[in-house]
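One structure below.
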Amino acid sequence: MSLDNPYSLEGFNGQSAESEIVRLEYQAKVRWTYEAPLLRSSGLSKGSKIADFGCGPGFITLYLSDEVGIEGEVIGIEQNINLAEQARNHVQGRSYVKIIQGDVCHLPEIKDDSYDFVYCRFLLQHLGDPRRAMKEAMRILKKSGKLLIMDIDDSLFHLAPYPDYFREFLEEACRGQTLYGGDRYIGHKLACMMYEENFSDINPSVYTFTSNNIISNEFLELTTNFKVELLTPSRRAWGNSILKRLNDDLKDNHFFGTAGIYYVIGTK
């Protein structure tokens with residue numbers, strides 16, 4: 001994976017990284033009211049042991065620790081050195097939460113059959129071979145443990161009106177993520193991947209949200225503006241000009257936007 005990828009091992013430095021972390025914090029806050037009931041309905045409760053794959057700066061890890069309580073255990077795994085350190089800071093003081101800097105596809109630190117749940121939240125879209133992470137989840141899950149995946153599928157994103165100049169930006173962002181080893185259309189593929197990795201009781205669901213649910217400029221911030229970082233470095237200035245034009249054109253809120261995520265559960 002290229003080091004130009006903002007999610008690479010040594011990425012997340014500088015002003016763009018700070019902006020992305022602010023976005024991730026807001027995204028976690030906004031989405032948690034929807035995510036928490038899904039996780040609870042999947043069985044997450046006080047005393048559960050859960051591994052948070054690709055925990056980033058630890059915002060969701062902290063929410064998960066509230067769900068399982070001191071009777072439970074949370075381990076966050078993050079490959080990026082800077083994000084792992086931030087996650088440690090966010091969970092400081094919670095003895096039942098641990099952050100390790102490592103690769104979710106290879107976790108020799110974690111024993112077989114150790115966890116009740118593995119949560120992959122907006123992670124697999126960034127991996128060249130997401131099945132490797134699924135295999136590792138299968139290994140560390142207890143018998144009847146559950147893999148919980150939440151991820152995007154850009155086929156569920158649309159705007160009305162849909163500016164012609166914006167289409168090229170989205171196409172290049174998708175190509176950029178592919179070059180980095182990811183897939184912005186992974187959502188609809190997840191259930192079949194789970195099946196191929198021998199999970200059972202696979203249950204995919206799609207959850208949509210619109211610009212009516214979120215303040216309009218924040219809808220674009222959550223779904224669109226960050227995609228400039230997926231462009232190749234030589235195209236980011238162009239991408240920023242497109243985003244400025246889009247945000248200016250839609251600043252009076254005369255638009256409607258839709259986006260969606262997949263939530264897929266599989267049992268070991």
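All residue names refer to the structure tokens as shown: chains lettered A, B, ... in order, residues numbered from 1 in each chain, ligands numbered from 1 in order.
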Who sits within 8 Å of His158 in chain A, only C-alpha atoms, same chain under 6 positions skipped, as a PyMOL selection string: chain A and resi 257-259
Neighbours of Phe59 in chain A within 9 Å (only C-alpha atoms; same-chain residues fewer than 5 positions away dropped), as a list in words? Leu24, Glu25, Ala28, Lys29, Leu64, Ala87, His90 and Val91 of chain A
Among range 49-225 of chain A, which residues does DSSP mark as helix (DSSP H, G or I) when it is run on the backbone? Keep the chain and numbering as in the structure and answer as a VMD selection string. chain A and resid 59 to 68 81 to 90 124 to 126 130 to 140 154 to 156 164 to 179 187 to 196 216 to 223 225
Can you work out which one of A:Gly102, A:Pro130, A:Pro163, A:Pro37 has the shortest atom-to-atom distance to Asp52 in chain A, counting only C-alpha atoms? A:Gly102
With only C-alpha atoms as the counted atoms, please give the residues lying no more than 12 Å from Asp66 in chain A, apart from itself and same-chain residues fewer than 4 positions off, as a JSON list (two decimals) with C-alpha atoms, in the first residue's frame.
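Contents of selection18.json, as written:
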```json
[["chain", "number", "residue", "atom", "x", "y", "z"],
["A", 32, "TRP", "CA", -23.22, 6.10, 17.24],
["A", 36, "ALA", "CA", -25.27, 1.28, 19.28],
["A", 40, "ARG", "CA", -26.87, -4.34, 21.17],
["A", 44, "LEU", "CA", -23.17, -6.83, 22.68],
["A", 45, "SER", "CA", -23.75, -6.19, 26.39],
["A", 46, "LYS", "CA", -22.07, -5.69, 29.76],
["A", 47, "GLY", "CA", -19.29, -8.22, 30.20],
["A", 48, "SER", "CA", -18.74, -8.82, 26.48],
["A", 50, "ILE", "CA", -14.83, -7.22, 21.76],
["A", 59, "PHE", "CA", -13.54, 7.32, 19.35],
["A", 60, "ILE", "CA", -15.62, 4.19, 18.74],
["A", 61, "THR", "CA", -13.37, 2.14, 21.02],
["A", 62, "LEU", "CA", -14.36, 4.44, 23.86],
["A", 70, "ILE", "CA", -15.66, -2.76, 33.47],
["A", 71, "GLU", "CA", -16.93, -6.35, 33.50],
["A", 72, "GLY", "CA", -15.98, -6.68, 29.84],
["A", 73, "GLU", "CA", -12.92, -6.11, 27.70],
["A", 74, "VAL", "CA", -12.12, -4.06, 24.62],
["A", 91, "VAL", "CA", -9.06, 5.43, 26.46],
["A", 94, "ARG", "CA", -9.87, 2.45, 31.50],
["A", 96, "TYR", "CA", -10.29, -2.96, 30.68],
["A", 97, "VAL", "CA", -9.40, -1.27, 27.37]]
```
Separation of CA of Ala17 in chain A from CA of Ile99 in chain A, in Å and rounded to one decimal: 20.0 Å
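Residue nearest Ser95 in chain A, chosen from A:Ser144, A:Thr33, A:Gln79, A:Ser65 and counting only C-alpha atoms: A:Ser65.
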If we count only C-alpha atoms and set the cut-off at 6 Å, which residues sit around Leu141 in chain A, ignoring sequence neighbours fewer than 6 positions away in its own chain? Please answer as an MDAnalysis selection string. chainID A and resid 113:116
Generate a file of the selected residues that holds N, CA and C atoms, formatted as a CSV table (one decimal), in the first residue's frame.
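This went into out_25.csv:
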```csv
chain,number,residue,atom,x,y,z
A,113,ASP,N,-9.7,-18.1,19.9
A,113,ASP,CA,-10.9,-18.3,20.6
A,113,ASP,C,-11.0,-17.3,21.9
A,114,SER,N,-10.6,-16.1,21.7
A,114,SER,CA,-10.5,-15.1,22.8
A,114,SER,C,-11.7,-14.2,23.0
A,115,TYR,N,-12.4,-13.8,21.9
A,115,TYR,CA,-13.3,-12.7,21.9
A,115,TYR,C,-14.7,-13.1,21.5
A,116,ASP,N,-15.7,-12.4,22.1
A,116,ASP,CA,-17.1,-12.7,21.8
A,116,ASP,C,-17.5,-12.0,20.4
```
Show me a table, sorted first by chain and then by increasing residue number, of the residues of range 96-189 of chain A having an atom at most 8 Å from range 260-267 of chain A, each with its shortest atom pair and the distance in Å to one decimal, counting only C-alpha atoms and written as CSV.
```
residue,atom,partner,partner_atom,distance
A:Ser144,CA,A:Thr267,CA,5.7
A:Gly145,CA,A:Thr267,CA,5.7
A:Lys146,CA,A:Thr267,CA,4.5
A:Leu147,CA,A:Gly266,CA,5.2
A:Leu148,CA,A:Ile265,CA,4.8
A:Ile149,CA,A:Val264,CA,5.2
A:Met150,CA,A:Tyr263,CA,4.5
A:Asp151,CA,A:Tyr262,CA,5.4
A:Ile152,CA,A:Ile261,CA,4.7
A:Asp153,CA,A:Ile261,CA,6.3
A:Asp154,CA,A:Gly260,CA,7.8
A:Leu156,CA,A:Gly260,CA,5.2
A:Phe157,CA,A:Gly260,CA,6.6
A:Gly187,CA,A:Tyr262,CA,5.4
A:His188,CA,A:Tyr262,CA,7.2
```
What lies within 8 Å of range 175-186 of chain A using only C-alpha atoms, ignoring chain neighbours under 5 positions off, as a ChimeraX atom specification? /A:1-2,5,124-128,151-155,230-232
